[in-house]
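The data block below is start.csv; it holds CSV, N, CA and C atoms.
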```csv
chain,number,residue,atom,x,y,z
A,1,MET,N,21.1,-13.1,45.3
A,1,MET,CA,21.1,-14.6,45.3
A,1,MET,C,20.6,-15.1,44.0
A,2,SER,N,19.5,-14.5,43.5
A,2,SER,CA,18.9,-15.0,42.3
A,2,SER,C,19.8,-14.9,41.1
A,3,GLU,N,20.6,-13.8,41.1
A,3,GLU,CA,21.5,-13.5,40.0
A,3,GLU,C,22.6,-14.6,40.0
A,4,VAL,N,23.1,-14.9,41.2
A,4,VAL,CA,24.2,-15.8,41.3
A,4,VAL,C,23.8,-17.2,41.0
A,5,TYR,N,22.7,-17.6,41.5
A,5,TYR,CA,22.2,-19.0,41.2
A,5,TYR,C,21.4,-19.2,40.0
A,6,GLY,N,20.8,-18.1,39.5
A,6,GLY,CA,20.1,-18.3,38.2
A,6,GLY,C,18.6,-18.7,38.4
A,7,TRP,N,18.2,-18.8,39.6
A,7,TRP,CA,16.8,-19.2,39.9
A,7,TRP,C,16.3,-18.4,41.1
A,8,GLU,N,15.0,-18.2,41.2
A,8,GLU,CA,14.5,-17.4,42.3
A,8,GLU,C,14.8,-18.1,43.7
A,9,MET,N,15.4,-17.3,44.5
A,9,MET,CA,15.7,-17.8,45.9
A,9,MET,C,14.8,-17.1,46.9
A,10,ALA,N,14.2,-17.9,47.8
A,10,ALA,CA,13.4,-17.3,48.8
A,10,ALA,C,14.3,-17.2,50.1
A,11,ASP,N,13.9,-16.3,50.9
A,11,ASP,CA,14.6,-16.1,52.2
A,11,ASP,C,14.5,-17.4,53.0
A,12,GLY,N,15.5,-17.8,53.7
A,12,GLY,CA,15.5,-18.9,54.6
A,12,GLY,C,15.0,-18.5,56.0
A,13,PRO,N,15.0,-19.4,56.9
A,13,PRO,CA,14.5,-19.1,58.2
A,13,PRO,C,15.6,-18.4,59.0
A,14,GLY,N,15.1,-17.5,59.8
A,14,GLY,CA,16.0,-16.9,60.9
A,14,GLY,C,16.9,-15.8,60.4
A,15,LEU,N,17.4,-15.0,61.4
A,15,LEU,CA,18.2,-13.9,61.2
A,15,LEU,C,19.6,-14.3,60.6
A,16,HIS,N,20.1,-15.5,61.0
A,16,HIS,CA,21.4,-16.0,60.4
A,16,HIS,C,21.4,-16.0,58.9
A,17,PHE,N,20.3,-16.6,58.4
A,17,PHE,CA,20.2,-16.8,56.9
A,17,PHE,C,20.2,-15.4,56.2
A,18,ALA,N,19.3,-14.5,56.7
A,18,ALA,CA,19.2,-13.2,56.1
A,18,ALA,C,20.5,-12.4,56.2
A,19,HIS,N,21.1,-12.4,57.3
A,19,HIS,CA,22.4,-11.7,57.4
A,19,HIS,C,23.5,-12.3,56.5
A,20,THR,N,23.6,-13.6,56.5
A,20,THR,CA,24.5,-14.3,55.6
A,20,THR,C,24.3,-14.0,54.1
A,21,ALA,N,23.0,-14.1,53.7
A,21,ALA,CA,22.7,-13.9,52.3
A,21,ALA,C,22.9,-12.5,51.9
A,22,ASP,N,22.5,-11.5,52.8
A,22,ASP,CA,22.8,-10.1,52.5
A,22,ASP,C,24.3,-9.8,52.3
A,23,GLN,N,25.1,-10.3,53.2
A,23,GLN,CA,26.5,-10.1,53.2
A,23,GLN,C,27.1,-10.7,52.0
A,24,LEU,N,26.9,-12.0,51.8
A,24,LEU,CA,27.5,-12.8,50.8
A,24,LEU,C,27.2,-12.3,49.4
A,25,PHE,N,25.9,-12.1,49.1
A,25,PHE,CA,25.5,-11.8,47.8
A,25,PHE,C,25.5,-10.3,47.4
A,26,ALA,N,25.2,-9.5,48.4
A,26,ALA,CA,25.3,-8.0,48.1
A,26,ALA,C,26.7,-7.5,48.2
A,27,GLU,N,27.5,-8.0,49.2
A,27,GLU,CA,28.8,-7.5,49.4
A,27,GLU,C,29.9,-8.3,48.7
A,28,VAL,N,29.9,-9.6,48.7
A,28,VAL,CA,31.0,-10.4,48.2
A,28,VAL,C,30.8,-10.7,46.7
A,29,TRP,N,29.7,-11.3,46.3
A,29,TRP,CA,29.5,-11.6,44.9
A,29,TRP,C,29.3,-10.3,44.1
A,30,GLY,N,28.8,-9.2,44.7
A,30,GLY,CA,28.5,-8.0,44.0
A,30,GLY,C,29.7,-7.1,43.8
A,31,ARG,N,30.9,-7.4,44.4
A,31,ARG,CA,32.0,-6.5,44.3
A,31,ARG,C,32.6,-6.5,42.9
A,32,GLU,N,33.2,-5.4,42.5
A,32,GLU,CA,33.9,-5.3,41.2
A,32,GLU,C,35.2,-6.0,41.3
A,33,GLY,N,35.8,-6.2,40.2
A,33,GLY,CA,37.1,-6.8,40.1
A,33,GLY,C,37.1,-8.3,39.6
A,34,LEU,N,36.1,-9.0,39.9
A,34,LEU,CA,35.9,-10.4,39.4
A,34,LEU,C,34.5,-10.5,38.8
A,35,THR,N,34.4,-11.3,37.8
A,35,THR,CA,33.1,-11.6,37.3
A,35,THR,C,32.5,-12.8,38.1
A,36,ASN,N,31.2,-13.0,37.9
A,36,ASN,CA,30.6,-14.1,38.6
A,36,ASN,C,31.2,-15.4,38.1
A,37,ARG,N,31.6,-15.5,36.8
A,37,ARG,CA,32.3,-16.7,36.3
A,37,ARG,C,33.6,-16.9,37.0
A,38,ASP,N,34.4,-15.8,37.2
A,38,ASP,CA,35.6,-15.9,37.9
A,38,ASP,C,35.4,-16.5,39.3
A,39,ARG,N,34.5,-15.9,40.0
A,39,ARG,CA,34.2,-16.3,41.4
A,39,ARG,C,33.7,-17.8,41.4
A,40,ARG,N,32.9,-18.2,40.4
A,40,ARG,CA,32.4,-19.5,40.3
A,40,ARG,C,33.6,-20.5,40.1
A,41,LEU,N,34.5,-20.2,39.2
A,41,LEU,CA,35.7,-21.1,39.0
A,41,LEU,C,36.5,-21.2,40.3
A,42,LEU,N,36.7,-20.1,41.0
A,42,LEU,CA,37.5,-20.2,42.2
A,42,LEU,C,36.7,-21.1,43.3
A,43,LEU,N,35.4,-20.9,43.3
A,43,LEU,CA,34.6,-21.6,44.3
A,43,LEU,C,34.6,-23.1,44.0
A,44,LEU,N,34.5,-23.5,42.7
A,44,LEU,CA,34.5,-24.9,42.3
A,44,LEU,C,35.8,-25.6,42.7
A,45,GLY,N,36.9,-24.9,42.5
A,45,GLY,CA,38.2,-25.4,42.9
A,45,GLY,C,38.3,-25.6,44.4
A,46,LEU,N,37.8,-24.6,45.1
A,46,LEU,CA,37.8,-24.7,46.6
A,46,LEU,C,36.9,-25.8,47.1
A,47,LEU,N,35.7,-25.9,46.5
A,47,LEU,CA,34.8,-27.0,46.9
A,47,LEU,C,35.4,-28.3,46.7
A,48,ALA,N,36.0,-28.5,45.5
A,48,ALA,CA,36.6,-29.8,45.2
A,48,ALA,C,37.7,-30.1,46.2
A,49,GLY,N,38.6,-29.1,46.5
A,49,GLY,CA,39.7,-29.3,47.4
A,49,GLY,C,39.2,-29.7,48.8
A,50,ASN,N,38.0,-29.2,49.2
A,50,ASN,CA,37.5,-29.5,50.5
A,50,ASN,C,36.5,-30.6,50.6
A,51,GLY,N,36.2,-31.2,49.4
A,51,GLY,CA,35.3,-32.3,49.4
A,51,GLY,C,33.9,-32.0,49.5
A,52,HIS,N,33.5,-30.7,49.2
A,52,HIS,CA,32.1,-30.3,49.3
A,52,HIS,C,31.3,-30.5,48.0
A,53,THR,N,31.2,-31.8,47.6
A,53,THR,CA,30.6,-32.1,46.4
A,53,THR,C,29.1,-31.7,46.3
A,54,ASP,N,28.4,-31.7,47.5
A,54,ASP,CA,27.0,-31.3,47.5
A,54,ASP,C,26.8,-29.9,47.0
A,55,VAL,N,27.7,-29.0,47.5
A,55,VAL,CA,27.6,-27.6,47.1
A,55,VAL,C,28.1,-27.4,45.7
A,56,ALA,N,29.1,-28.2,45.3
A,56,ALA,CA,29.6,-28.2,43.9
A,56,ALA,C,28.6,-28.5,42.9
A,57,GLU,N,27.6,-29.4,43.2
A,57,GLU,CA,26.5,-29.7,42.3
A,57,GLU,C,25.7,-28.5,42.1
A,58,ILE,N,25.4,-27.8,43.2
A,58,ILE,CA,24.5,-26.5,43.1
A,58,ILE,C,25.3,-25.5,42.3
A,59,GLN,N,26.6,-25.3,42.6
A,59,GLN,CA,27.3,-24.3,41.9
A,59,GLN,C,27.5,-24.6,40.4
A,60,SER,N,27.8,-25.9,40.0
A,60,SER,CA,27.9,-26.2,38.6
A,60,SER,C,26.6,-26.1,37.9
A,61,ALA,N,25.5,-26.4,38.5
A,61,ALA,CA,24.2,-26.2,37.9
A,61,ALA,C,23.9,-24.7,37.6
A,62,ALA,N,24.3,-23.9,38.6
A,62,ALA,CA,24.1,-22.4,38.4
A,62,ALA,C,25.0,-21.9,37.3
A,63,ALA,N,26.2,-22.4,37.2
A,63,ALA,CA,27.2,-22.0,36.2
A,63,ALA,C,26.6,-22.3,34.8
A,64,LEU,N,26.0,-23.5,34.7
A,64,LEU,CA,25.4,-23.9,33.4
A,64,LEU,C,24.2,-23.0,33.1
A,65,GLY,N,23.3,-22.9,34.1
A,65,GLY,CA,22.1,-22.1,33.9
A,65,GLY,C,22.3,-20.7,33.6
A,66,ASN,N,23.4,-20.1,34.1
A,66,ASN,CA,23.7,-18.7,33.9
A,66,ASN,C,24.6,-18.5,32.6
A,67,GLY,N,25.0,-19.6,32.0
A,67,GLY,CA,25.8,-19.5,30.8
A,67,GLY,C,27.3,-19.1,31.1
A,68,GLU,N,27.7,-19.3,32.3
A,68,GLU,CA,29.1,-19.0,32.7
A,68,GLU,C,30.0,-20.1,32.3
A,69,LEU,N,29.6,-21.3,32.3
A,69,LEU,CA,30.4,-22.4,31.9
A,69,LEU,C,29.6,-23.3,31.0
A,70,THR,N,30.3,-24.0,30.0
A,70,THR,CA,29.6,-25.0,29.2
A,70,THR,C,29.8,-26.4,29.8
A,71,PRO,N,29.1,-27.4,29.3
A,71,PRO,CA,29.3,-28.7,29.8
A,71,PRO,C,30.8,-29.2,29.5
A,72,GLU,N,31.3,-28.8,28.4
A,72,GLU,CA,32.7,-29.2,28.0
A,72,GLU,C,33.7,-28.5,28.9
A,73,GLN,N,33.4,-27.3,29.3
A,73,GLN,CA,34.3,-26.6,30.3
A,73,GLN,C,34.3,-27.3,31.6
A,74,LEU,N,33.1,-27.7,32.1
A,74,LEU,CA,33.0,-28.4,33.4
A,74,LEU,C,33.8,-29.7,33.3
A,75,GLU,N,33.6,-30.4,32.2
A,75,GLU,CA,34.4,-31.7,32.1
A,75,GLU,C,35.9,-31.4,32.1
A,76,GLU,N,36.3,-30.3,31.5
A,76,GLU,CA,37.7,-30.0,31.5
A,76,GLU,C,38.2,-29.6,32.9
A,77,ILE,N,37.4,-28.9,33.6
A,77,ILE,CA,37.7,-28.6,35.0
A,77,ILE,C,37.9,-29.8,35.8
A,78,ALA,N,37.0,-30.8,35.7
A,78,ALA,CA,37.1,-32.0,36.4
A,78,ALA,C,38.5,-32.7,36.1
A,79,LEU,N,38.8,-32.8,34.9
A,79,LEU,CA,40.1,-33.4,34.5
A,79,LEU,C,41.3,-32.7,35.1
A,80,PHE,N,41.2,-31.3,35.0
A,80,PHE,CA,42.3,-30.5,35.5
A,80,PHE,C,42.4,-30.8,37.0
A,81,LEU,N,41.3,-30.9,37.7
A,81,LEU,CA,41.3,-31.1,39.2
A,81,LEU,C,41.9,-32.4,39.5
A,82,CYS,N,41.8,-33.4,38.6
A,82,CYS,CA,42.4,-34.7,38.9
A,82,CYS,C,43.9,-34.6,39.2
A,83,TYR,N,44.6,-33.7,38.5
A,83,TYR,CA,46.0,-33.5,38.6
A,83,TYR,C,46.4,-32.6,39.7
A,84,TYR,N,45.6,-31.7,40.1
A,84,TYR,CA,46.0,-30.8,41.2
A,84,TYR,C,45.3,-31.1,42.5
A,85,ALA,N,44.1,-31.7,42.5
A,85,ALA,CA,43.4,-32.0,43.8
A,85,ALA,C,43.5,-33.5,44.1
A,86,GLY,N,43.9,-34.3,43.1
A,86,GLY,CA,44.0,-35.7,43.3
A,86,GLY,C,42.9,-36.4,42.4
A,87,TRP,N,43.3,-37.6,41.9
A,87,TRP,CA,42.4,-38.3,41.0
A,87,TRP,C,41.1,-38.6,41.6
A,88,PRO,N,41.0,-39.1,42.9
A,88,PRO,CA,39.7,-39.4,43.4
A,88,PRO,C,38.8,-38.1,43.5
A,89,VAL,N,39.4,-37.0,43.8
A,89,VAL,CA,38.6,-35.7,43.9
A,89,VAL,C,38.1,-35.3,42.5
A,90,GLY,N,39.0,-35.3,41.6
A,90,GLY,CA,38.6,-34.9,40.2
A,90,GLY,C,37.6,-35.8,39.6
A,91,THR,N,37.7,-37.1,39.9
A,91,THR,CA,36.7,-38.1,39.4
A,91,THR,C,35.4,-37.9,40.0
A,92,LYS,N,35.4,-37.6,41.3
A,92,LYS,CA,34.1,-37.3,42.0
A,92,LYS,C,33.5,-36.0,41.4
A,93,MET,N,34.3,-35.0,41.2
A,93,MET,CA,33.8,-33.8,40.6
A,93,MET,C,33.2,-34.1,39.2
A,94,ASN,N,33.9,-34.9,38.4
A,94,ASN,CA,33.4,-35.3,37.1
A,94,ASN,C,32.0,-35.9,37.2
A,95,THR,N,31.8,-36.7,38.2
A,95,THR,CA,30.5,-37.3,38.5
A,95,THR,C,29.4,-36.3,38.8
A,96,VAL,N,29.8,-35.4,39.7
A,96,VAL,CA,28.9,-34.3,40.2
A,96,VAL,C,28.6,-33.4,39.0
A,97,PHE,N,29.6,-33.0,38.2
A,97,PHE,CA,29.3,-32.2,37.0
A,97,PHE,C,28.5,-32.9,36.0
A,98,GLY,N,28.7,-34.2,35.9
A,98,GLY,CA,27.9,-35.0,34.9
A,98,GLY,C,26.4,-35.0,35.3
A,99,THR,N,26.1,-35.1,36.6
A,99,THR,CA,24.7,-35.0,37.1
A,99,THR,C,24.2,-33.6,36.7
A,100,ALA,N,24.9,-32.5,37.0
A,100,ALA,CA,24.4,-31.2,36.7
A,100,ALA,C,24.2,-31.0,35.2
A,101,ILE,N,25.1,-31.5,34.4
A,101,ILE,CA,25.0,-31.4,32.9
A,101,ILE,C,23.8,-32.2,32.4
A,102,LYS,N,23.6,-33.4,32.9
A,102,LYS,CA,22.4,-34.2,32.6
A,102,LYS,C,21.1,-33.5,32.9
A,103,ASN,N,21.0,-32.9,34.1
A,103,ASN,CA,19.8,-32.2,34.5
A,103,ASN,C,19.6,-30.9,33.7
A,104,TRP,N,20.7,-30.2,33.4
A,104,TRP,CA,20.6,-29.0,32.6
A,104,TRP,C,20.1,-29.3,31.2
A,105,ARG,N,20.7,-30.4,30.6
A,105,ARG,CA,20.2,-30.8,29.2
A,105,ARG,C,18.8,-31.2,29.2
A,106,LYS,N,18.4,-31.9,30.2
A,106,LYS,CA,17.0,-32.4,30.4
A,106,LYS,C,16.0,-31.2,30.5
A,107,SER,N,16.4,-30.2,31.3
A,107,SER,CA,15.7,-29.0,31.5
A,107,SER,C,15.6,-28.2,30.2
A,108,ALA,N,16.7,-28.1,29.4
A,108,ALA,CA,16.7,-27.4,28.2
A,108,ALA,C,15.8,-28.0,27.1
A,109,LYS,N,15.7,-29.3,27.1
A,109,LYS,CA,14.8,-30.0,26.2
A,109,LYS,C,13.3,-29.8,26.5
A,110,GLN,N,13.0,-29.7,27.8
A,110,GLN,CA,11.7,-29.5,28.3
A,110,GLN,C,11.2,-28.0,28.2
A,111,GLY,N,12.2,-27.1,28.3
A,111,GLY,CA,11.9,-25.7,28.3
A,111,GLY,C,11.9,-25.1,27.0
```
Can I see the file as structure tokens?
Amino acid sequence: MSEVYGWEMADGPGLHFAHTADQLFAEVWGREGLTNRDRRLLLLGLLAGNGHTDVAEIQSAAALGNGELTPEQLEEIALFLCYYAGWPVGTKMNTVFGTAIKNWRKSAKQG
């Protein structure tokens, strides 16, 4: 989990969280064939298409923090999504990405 998100993740409560985290991060994100960047791009598109902007903010912040995507690439993704997922969705993602970019830049200045 820490490798995927780029920050230290603690176990959540209960067996459900532990099982899910073990499967998802050890088995799915850890598979060969796709890079974490590839998976992140696919996930961002899926999240946009399903309207899960709350998770998209977490994923875009992780992509920036891990150096998988640049601010300019995230902005390009939002524009691309406008045409394939619909203008309202792409615009919402642009706002979500903008928040992640702002926080990332603020953190970079402080760190």
- Task: In Å, rounded to a single decimal, give me how far atom CA of Arg39 of chain A is from atom N of Glu68 of chain A.
- Result: 11.6 Å
- DSSP alpha helix (DSSP H) selection over chain A, as JSON, numbers by chain: {"A": [2, 3, 4, 5, 14, 15, 16, 17, 18, 19, 20, 21, 36, 37, 38, 39, 40, 41, 42, 43, 44, 45, 46, 47, 48, 49, 50, 53, 54, 55, 56, 57, 58, 59, 60, 61, 62, 63, 64, 65, 71, 72, 73, 74, 75, 76, 77, 78, 79, 80, 81, 82, 83, 84, 87, 88, 89, 90, 91, 92, 93, 94, 95, 96, 97, 98, 99, 100, 101, 102, 103, 104, 105, 106, 107, 108, 109, 110]}
- Task: Find, counting only C-alpha atoms, the residue in A:Gly45, A:Pro13, A:Gly65, A:Gly51 that gets nearest to Ala78 of chain A.
- Result: A:Gly45
- Distance of atom CA of Leu79 of chain A from atom C of Asn94 of chain A, expressed in Å to one decimal place: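 If I compute the distance from atom C of Asn94 of chain A to atom CA of Leu79 of chain A, I get 8.9 Å.
Ranking A:Ala48, A:Leu42, A:Met93, A:Val55 by their shortest atom-to-atom distance to Leu74 of chain A, with all atoms listed in the file included, puts A:Met93 first.
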- Query: Looking at only C-alpha atoms, which of A:Ala56, A:Leu44, A:Leu15, A:Leu34 is the one that sits closest to Phe80 of chain A?
  - Reply: A:Leu44
What box, with edges along x, y and z, holds each listed atom of segment 75-91 of chain A when 8 Å is added on every side, and can you state its centre and edge lengths in Å to one decimal, as AutoDock Vina command-line options?
```
--center_x 40.0 --center_y -34.0 --center_z 37.8 --size_x 28.8 --size_y 26.8 --size_z 28.6
```
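For Ala61 of chain A, the non-local neighbours within 8 Å, defined as residues at least 6 positions apart in the same chain or in other chains and counting only N, CA and C atoms, are Tyr5, Gly6, Val55, Gly67, Val96, Phe97, Thr99, Ala100, Ile101, Asn103 and Trp104 of chain A.
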Take the residues from that selection and put them in a file with N, CA and C atoms, as a PDB file, keeping the file's coordinate frame.
```pdb
ATOM      1  N   TYR A   5      22.700 -17.600  41.500  1.00  0.00           N
ATOM      2  CA  TYR A   5      22.200 -19.000  41.200  1.00  0.00           C
ATOM      3  C   TYR A   5      21.400 -19.200  40.000  1.00  0.00           C
ATOM      4  N   GLY A   6      20.800 -18.100  39.500  1.00  0.00           N
ATOM      5  CA  GLY A   6      20.100 -18.300  38.200  1.00  0.00           C
ATOM      6  C   GLY A   6      18.600 -18.700  38.400  1.00  0.00           C
ATOM      7  N   VAL A  55      27.700 -29.000  47.500  1.00  0.00           N
ATOM      8  CA  VAL A  55      27.600 -27.600  47.100  1.00  0.00           C
ATOM      9  C   VAL A  55      28.100 -27.400  45.700  1.00  0.00           C
ATOM     10  N   GLY A  67      25.000 -19.600  32.000  1.00  0.00           N
ATOM     11  CA  GLY A  67      25.800 -19.500  30.800  1.00  0.00           C
ATOM     12  C   GLY A  67      27.300 -19.100  31.100  1.00  0.00           C
ATOM     13  N   VAL A  96      29.800 -35.400  39.700  1.00  0.00           N
ATOM     14  CA  VAL A  96      28.900 -34.300  40.200  1.00  0.00           C
ATOM     15  C   VAL A  96      28.600 -33.400  39.000  1.00  0.00           C
ATOM     16  N   PHE A  97      29.600 -33.000  38.200  1.00  0.00           N
ATOM     17  CA  PHE A  97      29.300 -32.200  37.000  1.00  0.00           C
ATOM     18  C   PHE A  97      28.500 -32.900  36.000  1.00  0.00           C
ATOM     19  N   THR A  99      26.100 -35.100  36.600  1.00  0.00           N
ATOM     20  CA  THR A  99      24.700 -35.000  37.100  1.00  0.00           C
ATOM     21  C   THR A  99      24.200 -33.600  36.700  1.00  0.00           C
ATOM     22  N   ALA A 100      24.900 -32.500  37.000  1.00  0.00           N
ATOM     23  CA  ALA A 100      24.400 -31.200  36.700  1.00  0.00           C
ATOM     24  C   ALA A 100      24.200 -31.000  35.200  1.00  0.00           C
ATOM     25  N   ILE A 101      25.100 -31.500  34.400  1.00  0.00           N
ATOM     26  CA  ILE A 101      25.000 -31.400  32.900  1.00  0.00           C
ATOM     27  C   ILE A 101      23.800 -32.200  32.400  1.00  0.00           C
ATOM     28  N   ASN A 103      21.000 -32.900  34.100  1.00  0.00           N
ATOM     29  CA  ASN A 103      19.800 -32.200  34.500  1.00  0.00           C
ATOM     30  C   ASN A 103      19.600 -30.900  33.700  1.00  0.00           C
ATOM     31  N   TRP A 104      20.700 -30.200  33.400  1.00  0.00           N
ATOM     32  CA  TRP A 104      20.600 -29.000  32.600  1.00  0.00           C
ATOM     33  C   TRP A 104      20.100 -29.300  31.200  1.00  0.00           C
TER      34      TRP A 104
END
```
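Atom to atom, atom C of Leu47 of chain A and atom C of Val28 of chain A stand 18.2 Å apart.
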Restore all heavy atoms in segment 98-107 of chain A and list the result as a compact mmCIF listing (two decimals), in the frame of the given file.
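rebuild-v6.txt written:
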```
# COMPACT_ATOMS: atom_id res chain seq x y z
N GLY A 98 28.70 -34.20 35.90
CA GLY A 98 27.90 -35.00 34.90
C GLY A 98 26.40 -35.00 35.30
O GLY A 98 25.56 -34.90 34.42
N THR A 99 26.10 -35.10 36.60
CA THR A 99 24.70 -35.00 37.10
C THR A 99 24.20 -33.60 36.70
O THR A 99 23.03 -33.50 36.22
CB THR A 99 24.66 -35.24 38.56
OG1 THR A 99 25.15 -36.55 38.82
CG2 THR A 99 23.24 -35.09 39.08
N ALA A 100 24.90 -32.50 37.00
CA ALA A 100 24.40 -31.20 36.70
C ALA A 100 24.20 -31.00 35.20
O ALA A 100 23.21 -30.42 34.77
CB ALA A 100 25.44 -30.15 37.20
N ILE A 101 25.10 -31.50 34.40
CA ILE A 101 25.00 -31.40 32.90
C ILE A 101 23.80 -32.20 32.40
O ILE A 101 23.00 -31.69 31.61
CB ILE A 101 26.27 -31.96 32.23
CG1 ILE A 101 27.44 -31.02 32.50
CG2 ILE A 101 26.06 -32.17 30.73
CD1 ILE A 101 28.82 -31.60 32.17
N LYS A 102 23.60 -33.40 32.90
CA LYS A 102 22.40 -34.20 32.60
C LYS A 102 21.10 -33.50 32.90
O LYS A 102 20.19 -33.38 32.07
CB LYS A 102 22.44 -35.55 33.29
CG LYS A 102 21.27 -36.45 33.03
CD LYS A 102 21.41 -37.73 33.85
CE LYS A 102 20.05 -38.34 34.07
NZ LYS A 102 20.05 -39.37 35.08
N ASN A 103 21.00 -32.90 34.10
CA ASN A 103 19.80 -32.20 34.50
C ASN A 103 19.60 -30.90 33.70
O ASN A 103 18.50 -30.58 33.33
CB ASN A 103 19.90 -31.84 36.00
CG ASN A 103 19.81 -33.06 36.88
OD1 ASN A 103 19.32 -34.11 36.47
ND2 ASN A 103 20.30 -32.95 38.10
N TRP A 104 20.70 -30.20 33.40
CA TRP A 104 20.60 -29.00 32.60
C TRP A 104 20.10 -29.30 31.20
O TRP A 104 19.29 -28.62 30.63
CB TRP A 104 22.02 -28.37 32.53
CG TRP A 104 22.13 -27.14 31.69
CD1 TRP A 104 21.64 -25.90 31.97
CD2 TRP A 104 22.78 -27.05 30.43
NE1 TRP A 104 21.96 -25.03 30.96
CE2 TRP A 104 22.65 -25.71 30.00
CE3 TRP A 104 23.45 -27.95 29.61
CZ2 TRP A 104 23.18 -25.25 28.78
CZ3 TRP A 104 23.98 -27.51 28.42
CH2 TRP A 104 23.84 -26.18 28.01
N ARG A 105 20.70 -30.40 30.60
CA ARG A 105 20.20 -30.80 29.20
C ARG A 105 18.80 -31.20 29.20
O ARG A 105 18.01 -30.88 28.30
CB ARG A 105 21.12 -31.88 28.67
CG ARG A 105 22.47 -31.37 28.25
CD ARG A 105 23.33 -32.44 27.64
NE ARG A 105 24.55 -31.83 27.09
CZ ARG A 105 25.73 -32.42 27.11
NH1 ARG A 105 25.88 -33.64 27.61
NH2 ARG A 105 26.78 -31.81 26.60
N LYS A 106 18.40 -31.90 30.20
CA LYS A 106 17.00 -32.40 30.40
C LYS A 106 16.00 -31.20 30.50
O LYS A 106 15.01 -31.09 29.81
CB LYS A 106 16.81 -33.29 31.57
CG LYS A 106 15.42 -33.82 31.77
CD LYS A 106 15.38 -34.73 32.99
CE LYS A 106 13.98 -35.20 33.28
NZ LYS A 106 13.92 -36.03 34.51
N SER A 107 16.40 -30.20 31.30
CA SER A 107 15.70 -29.00 31.50
C SER A 107 15.60 -28.20 30.20
O SER A 107 14.54 -27.63 29.84
CB SER A 107 16.27 -28.15 32.57
OG SER A 107 15.57 -26.94 32.72
```
